[in-house]
file my_file.csv (CSV, N, CA and C atoms)
chain,number,residue,atom,x,y,z
D,3,MET,N,88.2,-12.8,-35.8
D,3,MET,CA,88.0,-11.5,-36.3
D,3,MET,C,88.4,-10.4,-35.3
D,4,ASP,N,88.9,-9.3,-35.8
D,4,ASP,CA,89.3,-8.2,-34.9
D,4,ASP,C,88.4,-7.0,-35.1
D,5,PHE,N,87.6,-6.7,-34.1
D,5,PHE,CA,86.6,-5.6,-34.2
D,5,PHE,C,87.1,-4.5,-33.3
D,6,PRO,N,87.0,-3.2,-33.7
D,6,PRO,CA,87.5,-2.1,-32.8
D,6,PRO,C,86.4,-1.7,-31.8
D,7,GLY,N,85.3,-2.5,-31.7
D,7,GLY,CA,84.3,-2.2,-30.7
D,7,GLY,C,83.4,-3.4,-30.4
D,8,ALA,N,82.3,-3.2,-29.8
D,8,ALA,CA,81.4,-4.3,-29.5
D,8,ALA,C,80.7,-4.8,-30.8
D,9,TYR,N,80.3,-6.0,-30.8
D,9,TYR,CA,79.6,-6.6,-32.0
D,9,TYR,C,78.6,-7.5,-31.5
D,10,THR,N,77.4,-7.4,-32.1
D,10,THR,CA,76.3,-8.4,-31.8
D,10,THR,C,75.8,-8.9,-33.2
D,11,ALA,N,75.4,-10.1,-33.3
D,11,ALA,CA,74.9,-10.7,-34.5
D,11,ALA,C,73.7,-9.9,-35.0
D,12,GLN,N,73.7,-9.6,-36.3
D,12,GLN,CA,72.6,-8.8,-36.9
D,12,GLN,C,71.2,-9.4,-36.6
D,13,ALA,N,71.1,-10.7,-36.5
D,13,ALA,CA,69.8,-11.4,-36.3
D,13,ALA,C,69.3,-11.3,-34.9
D,14,LEU,N,70.1,-10.9,-34.0
D,14,LEU,CA,69.7,-10.8,-32.6
D,14,LEU,C,68.6,-9.7,-32.4
D,15,ALA,N,68.8,-8.6,-33.0
D,15,ALA,CA,67.8,-7.5,-32.8
D,15,ALA,C,66.4,-7.8,-33.1
D,16,PRO,N,66.1,-8.3,-34.3
D,16,PRO,CA,64.7,-8.7,-34.6
D,16,PRO,C,64.2,-9.9,-33.7
D,17,ALA,N,65.1,-10.8,-33.4
D,17,ALA,CA,64.7,-11.9,-32.5
D,17,ALA,C,64.3,-11.4,-31.2
D,18,LEU,N,65.1,-10.5,-30.6
D,18,LEU,CA,64.7,-9.9,-29.3
D,18,LEU,C,63.4,-9.1,-29.4
D,19,LYS,N,63.2,-8.3,-30.4
D,19,LYS,CA,62.0,-7.6,-30.6
D,19,LYS,C,60.8,-8.5,-30.6
D,20,ASP,N,60.9,-9.6,-31.3
D,20,ASP,CA,59.8,-10.6,-31.4
D,20,ASP,C,59.5,-11.2,-30.0
D,21,ARG,N,60.5,-11.4,-29.2
D,21,ARG,CA,60.3,-12.2,-27.9
D,21,ARG,C,60.2,-11.3,-26.7
D,22,VAL,N,60.5,-10.0,-26.8
D,22,VAL,CA,60.5,-9.2,-25.6
D,22,VAL,C,59.5,-8.0,-25.9
D,23,PRO,N,58.3,-8.1,-25.4
D,23,PRO,CA,57.3,-7.1,-25.7
D,23,PRO,C,57.6,-5.7,-25.1
D,24,GLU,N,58.5,-5.6,-24.2
D,24,GLU,CA,58.8,-4.3,-23.6
D,24,GLU,C,59.7,-3.5,-24.6
D,25,ILE,N,60.3,-4.1,-25.6
D,25,ILE,CA,61.1,-3.4,-26.5
D,25,ILE,C,60.2,-2.6,-27.5
D,26,SER,N,60.2,-1.3,-27.4
D,26,SER,CA,59.4,-0.5,-28.3
D,26,SER,C,60.0,-0.2,-29.7
D,27,TYR,N,61.3,0.1,-29.6
D,27,TYR,CA,62.0,0.4,-30.9
D,27,TYR,C,63.4,-0.3,-30.8
D,28,LEU,N,64.0,-0.6,-32.0
D,28,LEU,CA,65.3,-1.1,-32.0
D,28,LEU,C,65.9,-0.6,-33.3
D,29,THR,N,67.2,-0.6,-33.3
D,29,THR,CA,68.0,-0.3,-34.5
D,29,THR,C,69.3,-1.0,-34.5
D,30,ARG,N,69.8,-1.3,-35.7
D,30,ARG,CA,71.1,-1.9,-35.8
D,30,ARG,C,72.0,-0.9,-36.6
D,31,LEU,N,73.2,-0.8,-36.1
D,31,LEU,CA,74.2,0.1,-36.8
D,31,LEU,C,75.4,-0.7,-37.1
D,32,HIS,N,76.0,-0.4,-38.2
D,32,HIS,CA,77.4,-0.9,-38.5
D,32,HIS,C,78.0,0.0,-39.5
D,33,THR,N,79.3,0.0,-39.5
D,33,THR,CA,80.1,0.8,-40.4
D,33,THR,C,80.8,-0.1,-41.5
D,34,ASP,N,81.0,0.5,-42.6
D,34,ASP,CA,81.7,-0.2,-43.7
D,34,ASP,C,82.2,0.9,-44.7
D,35,ASP,N,83.0,0.5,-45.6
D,35,ASP,CA,83.4,1.4,-46.7
D,35,ASP,C,82.4,1.2,-47.8
D,36,ILE,N,82.3,2.2,-48.7
D,36,ILE,CA,81.4,2.2,-49.8
D,36,ILE,C,81.9,3.0,-51.0
D,37,ILE,N,81.5,2.6,-52.2
D,37,ILE,CA,81.9,3.4,-53.4
D,37,ILE,C,80.6,4.1,-53.8
D,38,VAL,N,80.6,5.4,-54.0
D,38,VAL,CA,79.5,6.2,-54.2
D,38,VAL,C,79.7,6.9,-55.6
D,39,SER,N,78.6,7.0,-56.4
D,39,SER,CA,78.6,7.7,-57.6
D,39,SER,C,77.3,8.5,-57.8
D,40,SER,N,77.4,9.6,-58.4
D,40,SER,CA,76.2,10.4,-58.7
D,40,SER,C,75.7,10.2,-60.1
D,41,ALA,N,74.4,10.0,-60.3
D,41,ALA,CA,73.9,9.8,-61.6
D,41,ALA,C,74.2,11.0,-62.5
D,42,SER,N,74.3,12.2,-62.0
D,42,SER,CA,74.5,13.4,-62.8
D,42,SER,C,76.0,13.5,-63.1
D,43,GLN,N,76.9,12.8,-62.4
D,43,GLN,CA,78.3,12.9,-62.6
D,43,GLN,C,78.9,11.5,-62.7
D,44,PRO,N,78.5,10.6,-63.6
D,44,PRO,CA,78.9,9.2,-63.6
D,44,PRO,C,80.4,9.0,-63.7
D,45,ASP,N,81.1,10.0,-64.2
D,45,ASP,CA,82.6,9.9,-64.3
D,45,ASP,C,83.3,10.2,-62.9
D,46,LYS,N,82.5,10.7,-62.0
D,46,LYS,CA,83.1,11.0,-60.7
D,46,LYS,C,82.7,9.8,-59.7
D,47,VAL,N,83.6,9.2,-59.1
D,47,VAL,CA,83.4,8.1,-58.2
D,47,VAL,C,84.1,8.5,-56.9
D,48,PHE,N,83.4,8.3,-55.8
D,48,PHE,CA,83.9,8.6,-54.5
D,48,PHE,C,84.0,7.3,-53.6
D,49,GLU,N,85.2,7.1,-53.0
D,49,GLU,CA,85.3,6.0,-52.1
D,49,GLU,C,85.2,6.6,-50.7
D,50,GLU,N,84.2,6.2,-49.9
D,50,GLU,CA,84.0,6.7,-48.6
D,50,GLU,C,84.2,5.7,-47.6
D,51,ASP,N,84.9,6.0,-46.5
D,51,ASP,CA,85.1,5.1,-45.4
D,51,ASP,C,85.3,5.8,-44.1
D,52,PRO,N,84.7,5.4,-43.1
D,52,PRO,CA,83.6,4.5,-43.1
D,52,PRO,C,82.3,5.3,-43.3
D,53,VAL,N,81.2,4.6,-43.7
D,53,VAL,CA,79.9,5.1,-43.6
D,53,VAL,C,79.1,4.3,-42.6
D,54,LEU,N,78.1,4.9,-42.1
D,54,LEU,CA,77.3,4.3,-41.0
D,54,LEU,C,76.0,3.8,-41.7
D,55,TYR,N,75.7,2.5,-41.5
D,55,TYR,CA,74.5,1.9,-42.0
D,55,TYR,C,73.6,1.8,-40.8
D,56,ALA,N,72.3,2.1,-41.0
D,56,ALA,CA,71.3,2.1,-39.9
D,56,ALA,C,69.9,1.6,-40.4
D,57,ASP,N,69.2,0.9,-39.5
D,57,ASP,CA,67.9,0.5,-39.7
D,57,ASP,C,66.9,1.7,-39.7
D,58,PRO,N,65.7,1.6,-40.3
D,58,PRO,CA,64.8,2.7,-40.2
D,58,PRO,C,64.4,3.0,-38.7
D,59,GLY,N,64.5,2.1,-37.8
D,59,GLY,CA,64.2,2.4,-36.4
D,59,GLY,C,65.1,3.4,-35.8
D,60,PHE,N,66.3,3.7,-36.4
D,60,PHE,CA,67.2,4.7,-35.9
D,60,PHE,C,66.5,6.1,-35.8
D,61,LEU,N,65.6,6.4,-36.8
D,61,LEU,CA,64.9,7.7,-36.8
D,61,LEU,C,63.8,7.7,-35.9
D,62,GLN,N,63.3,6.6,-35.4
D,62,GLN,CA,62.3,6.5,-34.3
D,62,GLN,C,62.9,6.7,-33.0
D,63,MET,N,64.2,6.4,-32.8
D,63,MET,CA,64.9,6.5,-31.6
D,63,MET,C,65.6,7.8,-31.4
D,64,PHE,N,66.1,8.4,-32.4
D,64,PHE,CA,66.9,9.6,-32.4
D,64,PHE,C,66.3,10.7,-33.2
D,65,SER,N,66.5,11.9,-32.8
D,65,SER,CA,65.9,13.1,-33.5
D,65,SER,C,67.0,13.5,-34.5
D,66,VAL,N,66.7,13.4,-35.7
D,66,VAL,CA,67.6,13.9,-36.8
D,66,VAL,C,66.8,14.8,-37.7
D,67,PRO,N,67.0,16.1,-37.6
D,67,PRO,CA,66.2,17.0,-38.5
D,67,PRO,C,66.7,16.9,-39.9
D,68,LEU,N,65.7,16.7,-40.8
D,68,LEU,CA,66.0,16.6,-42.2
D,68,LEU,C,65.8,18.0,-42.9
D,69,VAL,N,66.8,18.3,-43.8
D,69,VAL,CA,66.7,19.5,-44.6
D,69,VAL,C,65.6,19.3,-45.7
D,70,ALA,N,65.6,18.1,-46.3
D,70,ALA,CA,64.7,17.7,-47.4
D,70,ALA,C,64.4,16.2,-47.3
D,71,GLY,N,63.4,15.8,-47.9
D,71,GLY,CA,63.0,14.4,-47.9
D,71,GLY,C,61.9,14.1,-46.9
D,72,ASP,N,61.6,12.8,-46.9
D,72,ASP,CA,60.5,12.3,-46.1
D,72,ASP,C,61.0,11.5,-44.9
D,73,GLN,N,60.7,11.9,-43.7
D,73,GLN,CA,61.2,11.2,-42.5
D,73,GLN,C,60.6,9.8,-42.5
D,74,GLN,N,59.4,9.6,-43.0
D,74,GLN,CA,58.8,8.3,-42.9
D,74,GLN,C,59.5,7.3,-43.9
D,75,LYS,N,60.0,7.8,-45.0
D,75,LYS,CA,60.7,6.9,-46.0
D,75,LYS,C,62.2,6.8,-45.8
D,76,ALA,N,62.7,7.7,-45.0
D,76,ALA,CA,64.2,7.7,-44.9
D,76,ALA,C,64.7,6.5,-44.2
D,77,LEU,N,65.7,5.9,-44.7
D,77,LEU,CA,66.4,4.7,-44.2
D,77,LEU,C,65.6,3.4,-44.6
D,78,GLU,N,64.6,3.5,-45.5
D,78,GLU,CA,64.1,2.3,-46.0
D,78,GLU,C,65.1,1.7,-46.9
D,79,PRO,N,65.0,0.4,-47.2
D,79,PRO,CA,66.0,-0.2,-48.2
D,79,PRO,C,66.1,0.6,-49.5
D,80,GLY,N,67.3,0.8,-49.9
D,80,GLY,CA,67.6,1.6,-51.1
D,80,GLY,C,67.6,3.1,-50.9
D,81,THR,N,67.5,3.6,-49.7
D,81,THR,CA,67.5,5.0,-49.4
D,81,THR,C,68.6,5.3,-48.4
D,82,GLY,N,68.9,6.6,-48.2
D,82,GLY,CA,69.9,6.9,-47.2
D,82,GLY,C,69.8,8.4,-46.8
D,83,LEU,N,70.6,8.8,-45.9
D,83,LEU,CA,70.7,10.1,-45.4
D,83,LEU,C,72.1,10.6,-45.6
D,84,ILE,N,72.3,11.8,-46.1
D,84,ILE,CA,73.6,12.4,-46.3
D,84,ILE,C,73.6,13.8,-45.7
D,85,SER,N,74.8,14.2,-45.3
D,85,SER,CA,74.9,15.6,-44.7
D,85,SER,C,74.8,16.6,-45.8
D,86,LYS,N,74.7,17.9,-45.4
D,86,LYS,CA,74.7,19.0,-46.4
D,86,LYS,C,76.1,19.0,-47.1
D,87,THR,N,77.1,18.7,-46.3
D,87,THR,CA,78.5,18.7,-46.9
D,87,THR,C,78.6,17.6,-48.0
D,88,ALA,N,78.1,16.4,-47.6
D,88,ALA,CA,78.2,15.3,-48.6
D,88,ALA,C,77.3,15.6,-49.8
D,89,ALA,N,76.1,16.2,-49.6
D,89,ALA,CA,75.2,16.5,-50.7
D,89,ALA,C,75.9,17.5,-51.7
D,90,HIS,N,76.6,18.4,-51.1
D,90,HIS,CA,77.4,19.4,-52.0
D,90,HIS,C,78.5,18.7,-52.7
D,91,LYS,N,79.2,17.8,-52.1
D,91,LYS,CA,80.3,17.1,-52.7
D,91,LYS,C,79.9,16.2,-53.8
D,92,TYR,N,78.8,15.5,-53.7
D,92,TYR,CA,78.3,14.6,-54.7
D,92,TYR,C,77.5,15.3,-55.8
D,93,PHE,N,76.7,16.3,-55.4
D,93,PHE,CA,75.7,16.8,-56.3
D,93,PHE,C,75.9,18.3,-56.7
D,94,ARG,N,76.8,19.0,-56.0
D,94,ARG,CA,77.1,20.4,-56.2
D,94,ARG,C,75.8,21.2,-56.0
D,95,ASP,N,75.2,21.8,-57.0
D,95,ASP,CA,74.0,22.6,-56.8
D,95,ASP,C,72.8,21.9,-57.2
D,96,GLU,N,72.8,20.6,-57.5
D,96,GLU,CA,71.6,19.9,-57.9
D,96,GLU,C,70.9,19.4,-56.7
D,97,ASP,N,69.7,19.0,-56.8
D,97,ASP,CA,68.9,18.4,-55.7
D,97,ASP,C,69.4,17.1,-55.4
D,98,PRO,N,69.9,16.8,-54.2
D,98,PRO,CA,70.4,15.5,-53.8
D,98,PRO,C,69.4,14.4,-53.9
D,99,ARG,N,68.2,14.7,-53.9
D,99,ARG,CA,67.1,13.7,-54.0
D,99,ARG,C,67.0,13.1,-55.4
D,100,SER,N,67.8,13.7,-56.3
D,100,SER,CA,67.8,13.2,-57.7
D,100,SER,C,68.4,11.8,-57.9
D,101,GLY,N,69.2,11.4,-56.9
D,101,GLY,CA,69.7,10.0,-57.0
D,101,GLY,C,71.2,9.9,-56.7
D,102,ILE,N,71.5,8.9,-56.0
D,102,ILE,CA,72.9,8.5,-55.7
D,102,ILE,C,73.0,7.1,-55.9
D,103,GLY,N,74.1,6.6,-56.5
D,103,GLY,CA,74.2,5.2,-56.7
D,103,GLY,C,75.3,4.6,-55.8
D,104,CYS,N,75.0,3.5,-55.2
D,104,CYS,CA,75.9,2.8,-54.3
D,104,CYS,C,76.3,1.5,-55.0
D,105,ASP,N,77.5,1.4,-55.4
D,105,ASP,CA,77.9,0.2,-56.1
D,105,ASP,C,78.0,-1.0,-55.2
D,106,ARG,N,79.1,-1.1,-54.5
D,106,ARG,CA,79.3,-2.2,-53.6
D,106,ARG,C,80.3,-1.8,-52.5
D,107,PRO,N,80.2,-2.4,-51.3
D,107,PRO,CA,81.1,-2.1,-50.3
D,107,PRO,C,82.6,-2.3,-50.7
D,108,CYS,N,83.4,-1.4,-50.3
D,108,CYS,CA,84.9,-1.5,-50.7
D,108,CYS,C,85.5,-2.4,-49.7
D,109,LYS,N,86.4,-3.2,-50.1
D,109,LYS,CA,87.1,-4.2,-49.2
D,109,LYS,C,88.6,-4.0,-49.4
call {"tool": "encode", "arguments": {"input": "my_file.csv", "output": "structure tokens"}}
result
Amino acid sequence: MDFPGAYTAQALAPALKDRVPEISYLTRLHTDDIIVSSASQPDKVFEEDPVLYADPGFLQMFSVPLVAGDQQKALEPGTGLISKTAAHKYFRDEDPRSGIGCDRPCK
């Protein structure tokens, strides 16, 4: 496999956290392509590449000010963060918390 950067197996992070008590926080990051659609505009589909996937621990390690939403629930499975620019692109003037559908990674 050809990766444009460093790669560590996804299972390593939780295994290290379990075995090394000095680790306070950890997060895993990876990029991939994704197909995004808005529930309010089902006829509009966006192919985005790349997007960054992150564990909830990301927000414990890095300061990311949120315009809206709950910092404690952000990045839980089935949730995500998007920029103001992306929110406008997908939702126009609607509340972005109304929902966004992620179909499957693009390959």
call {"tool": "closest_residue", "arguments": {"input": "my_file.csv", "among": "D:Ser65, D:Thr33, D:Ser85, D:Ser39", "to": "D:Val53", "atoms": "all atoms listed in the file"}}
result
D:Thr33
call {"tool": "residues_around", "arguments": {"input": "my_file.csv", "residues": "D:Ala56", "least_positions_apart": "6", "cutoff": "8 Å", "atoms": "only N, CA and C atoms", "output": "list in words"}}
result
Thr29, Arg30, Leu31, His32, Thr33, Leu77 and Glu78 of chain D
call {"tool": "write_last_selection", "arguments": {"input": "my_file.csv", "atoms": "N, CA and C atoms", "output": "PDB file, keeping the file's coordinate frame"}}
result
ATOM      1  N   THR D  29      67.200  -0.600 -33.300  1.00  0.00           N
ATOM      2  CA  THR D  29      68.000  -0.300 -34.500  1.00  0.00           C
ATOM      3  C   THR D  29      69.300  -1.000 -34.500  1.00  0.00           C
ATOM      4  N   ARG D  30      69.800  -1.300 -35.700  1.00  0.00           N
ATOM      5  CA  ARG D  30      71.100  -1.900 -35.800  1.00  0.00           C
ATOM      6  C   ARG D  30      72.000  -0.900 -36.600  1.00  0.00           C
ATOM      7  N   LEU D  31      73.200  -0.800 -36.100  1.00  0.00           N
ATOM      8  CA  LEU D  31      74.200   0.100 -36.800  1.00  0.00           C
ATOM      9  C   LEU D  31      75.400  -0.700 -37.100  1.00  0.00           C
ATOM     10  N   HIS D  32      76.000  -0.400 -38.200  1.00  0.00           N
ATOM     11  CA  HIS D  32      77.400  -0.900 -38.500  1.00  0.00           C
ATOM     12  C   HIS D  32      78.000   0.000 -39.500  1.00  0.00           C
ATOM     13  N   THR D  33      79.300   0.000 -39.500  1.00  0.00           N
ATOM     14  CA  THR D  33      80.100   0.800 -40.400  1.00  0.00           C
ATOM     15  C   THR D  33      80.800  -0.100 -41.500  1.00  0.00           C
ATOM     16  N   LEU D  77      65.700   5.900 -44.700  1.00  0.00           N
ATOM     17  CA  LEU D  77      66.400   4.700 -44.200  1.00  0.00           C
ATOM     18  C   LEU D  77      65.600   3.400 -44.600  1.00  0.00           C
ATOM     19  N   GLU D  78      64.600   3.500 -45.500  1.00  0.00           N
ATOM     20  CA  GLU D  78      64.100   2.300 -46.000  1.00  0.00           C
ATOM     21  C   GLU D  78      65.100   1.700 -46.900  1.00  0.00           C
TER      22      GLU D  78
END
call {"tool": "select_by_dssp", "arguments": {"input": "my_file.csv", "residues": "chain D", "states": "helix (DSSP H, G or I)", "output": "PyMOL selection string"}}
result
chain D and resi 14-21+60-63+86-93+98-100
call {"tool": "atom_distance", "arguments": {"input": "my_file.csv", "atom1": "atom C of D:Thr87", "atom2": "atom CA of D:Val66"}}
result
16.1 Å
call {"tool": "atom_distance", "arguments": {"input": "my_file.csv", "atom1": "atom C of D:Ala13", "atom2": "atom C of D:Asp34"}}
result
20.3 Å
call {"tool": "atom_distance", "arguments": {"input": "my_file.csv", "atom1": "atom N of D:Ala88", "atom2": "atom N of D:Pro67"}}
result
14.9 Å
call {"tool": "decode", "arguments": {"input": "my_file.csv", "residues": "stretch 4-108 of chain D", "atoms": "C-alpha atoms", "output": "mmCIF file, in the first residue's frame"}}
result
data_model
loop_
_atom_site.group_PDB
_atom_site.id
_atom_site.type_symbol
_atom_site.label_atom_id
_atom_site.label_comp_id
_atom_site.auth_asym_id
_atom_site.auth_seq_id
_atom_site.Cartn_x
_atom_site.Cartn_y
_atom_site.Cartn_z
ATOM 1 C CA ASP D 4 1.177 3.502 -0.779
ATOM 2 C CA PHE D 5 0.391 6.099 1.893
ATOM 3 C CA PRO D 6 1.339 9.781 1.538
ATOM 4 C CA GLY D 7 2.236 9.943 5.250
ATOM 5 C CA ALA D 8 2.732 7.966 8.420
ATOM 6 C CA TYR D 9 0.286 5.206 9.275
ATOM 7 C CA THR D 10 -0.397 3.329 12.503
ATOM 8 C CA ALA D 11 -2.946 0.536 12.879
ATOM 9 C CA GLN D 12 -6.258 1.837 14.269
ATOM 10 C CA ALA D 13 -6.229 -0.752 17.074
ATOM 11 C CA LEU D 14 -2.918 0.531 18.463
ATOM 12 C CA ALA D 15 -4.319 3.676 20.101
ATOM 13 C CA PRO D 16 -6.848 2.023 22.441
ATOM 14 C CA ALA D 17 -4.385 -0.787 23.223
ATOM 15 C CA LEU D 18 -1.752 1.777 24.267
ATOM 16 C CA LYS D 19 -4.287 3.701 26.354
ATOM 17 C CA ASP D 20 -5.202 0.484 28.190
ATOM 18 C CA ARG D 21 -1.572 -0.429 28.887
ATOM 19 C CA VAL D 22 0.118 2.937 29.504
ATOM 20 C CA PRO D 23 -1.451 4.792 32.445
ATOM 21 C CA GLU D 24 0.484 7.998 31.644
ATOM 22 C CA ILE D 25 -1.610 8.509 28.494
ATOM 23 C CA SER D 26 -4.353 10.977 29.445
ATOM 24 C CA TYR D 27 -5.954 11.471 26.039
ATOM 25 C CA LEU D 28 -5.617 10.000 22.586
ATOM 26 C CA THR D 29 -7.185 10.460 19.232
ATOM 27 C CA ARG D 30 -7.003 8.740 15.887
ATOM 28 C CA LEU D 31 -7.218 10.659 12.622
ATOM 29 C CA HIS D 32 -7.557 9.521 9.059
ATOM 30 C CA THR D 33 -8.701 10.984 5.779
ATOM 31 C CA ASP D 34 -11.015 9.523 3.191
ATOM 32 C CA ASP D 35 -13.465 10.611 0.545
ATOM 33 C CA ILE D 36 -17.173 10.765 1.333
ATOM 34 C CA ILE D 37 -20.518 11.358 -0.346
ATOM 35 C CA VAL D 38 -22.649 13.883 1.544
ATOM 36 C CA SER D 39 -26.314 14.744 1.122
ATOM 37 C CA SER D 40 -28.594 17.069 3.024
ATOM 38 C CA ALA D 41 -31.997 15.824 4.195
ATOM 39 C CA SER D 42 -33.470 19.171 3.134
ATOM 40 C CA GLN D 43 -31.973 18.902 -0.385
ATOM 41 C CA PRO D 44 -32.035 15.163 -1.221
ATOM 42 C CA ASP D 45 -31.510 15.892 -4.922
ATOM 43 C CA LYS D 46 -28.175 17.564 -4.150
ATOM 44 C CA VAL D 47 -25.262 15.212 -3.515
ATOM 45 C CA PHE D 48 -21.740 16.362 -2.775
ATOM 46 C CA GLU D 49 -18.599 14.274 -3.182
ATOM 47 C CA GLU D 50 -15.996 15.571 -0.788
ATOM 48 C CA ASP D 51 -12.376 14.539 -0.732
ATOM 49 C CA PRO D 52 -10.683 14.338 1.536
ATOM 50 C CA VAL D 53 -12.516 14.684 4.809
ATOM 51 C CA LEU D 54 -10.868 14.187 8.185
ATOM 52 C CA TYR D 55 -12.254 11.549 10.526
ATOM 53 C CA ALA D 56 -11.405 11.982 14.228
ATOM 54 C CA ASP D 57 -12.182 10.270 17.520
ATOM 55 C CA PRO D 58 -14.045 12.220 20.234
ATOM 56 C CA GLY D 59 -10.688 12.548 22.033
ATOM 57 C CA PHE D 60 -9.675 15.102 19.387
ATOM 58 C CA LEU D 61 -11.785 17.748 21.138
ATOM 59 C CA GLN D 62 -10.186 16.916 24.490
ATOM 60 C CA MET D 63 -6.726 17.480 23.023
ATOM 61 C CA PHE D 64 -7.330 20.466 20.747
ATOM 62 C CA SER D 65 -9.318 23.655 21.244
ATOM 63 C CA VAL D 66 -11.972 23.919 18.542
ATOM 64 C CA PRO D 67 -14.528 26.667 19.166
ATOM 65 C CA LEU D 68 -18.018 25.613 18.090
ATOM 66 C CA VAL D 69 -20.518 28.081 16.628
ATOM 67 C CA ALA D 70 -23.389 25.753 17.551
ATOM 68 C CA GLY D 71 -23.894 22.306 18.995
ATOM 69 C CA ASP D 72 -22.723 20.436 22.069
ATOM 70 C CA GLN D 73 -18.967 20.067 22.625
ATOM 71 C CA GLN D 74 -19.590 16.964 24.781
ATOM 72 C CA LYS D 75 -21.521 15.161 22.034
ATOM 73 C CA ALA D 76 -19.484 16.340 19.060
ATOM 74 C CA LEU D 77 -17.575 13.566 17.289
ATOM 75 C CA GLU D 78 -19.575 10.757 18.898
ATOM 76 C CA PRO D 79 -20.453 8.011 16.393
ATOM 77 C CA GLY D 80 -22.963 9.353 13.870
ATOM 78 C CA THR D 81 -22.013 12.988 14.457
ATOM 79 C CA GLY D 82 -19.544 15.385 12.931
ATOM 80 C CA LEU D 83 -18.190 18.897 12.733
ATOM 81 C CA ILE D 84 -18.377 21.075 9.663
ATOM 82 C CA SER D 85 -17.079 24.553 8.948
ATOM 83 C CA LYS D 86 -19.319 27.582 8.423
ATOM 84 C CA THR D 87 -18.464 27.390 4.730
ATOM 85 C CA ALA D 88 -19.523 23.730 4.499
ATOM 86 C CA ALA D 89 -22.679 24.422 6.525
ATOM 87 C CA HIS D 90 -23.684 27.112 4.035
ATOM 88 C CA LYS D 91 -22.841 24.874 1.080
ATOM 89 C CA TYR D 92 -24.986 21.975 2.323
ATOM 90 C CA PHE D 93 -27.771 23.784 4.186
ATOM 91 C CA ARG D 94 -27.832 27.353 2.820
ATOM 92 C CA ASP D 95 -29.802 29.304 5.450
ATOM 93 C CA GLU D 96 -31.157 26.303 7.375
ATOM 94 C CA ASP D 97 -29.829 25.163 10.745
ATOM 95 C CA PRO D 98 -27.024 22.679 9.977
ATOM 96 C CA ARG D 99 -27.946 20.689 13.066
ATOM 97 C CA SER D 100 -31.095 19.585 11.187
ATOM 98 C CA GLY D 101 -29.162 16.696 9.734
ATOM 99 C CA ILE D 102 -26.659 15.609 7.180
ATOM 100 C CA GLY D 103 -26.534 12.174 5.619
ATOM 101 C CA CYS D 104 -23.294 10.381 4.897
ATOM 102 C CA ASP D 105 -23.834 7.540 2.491
ATOM 103 C CA ARG D 106 -20.556 5.664 2.049
ATOM 104 C CA PRO D 107 -16.921 6.489 1.496
ATOM 105 C CA CYS D 108 -16.098 7.184 -2.148
#
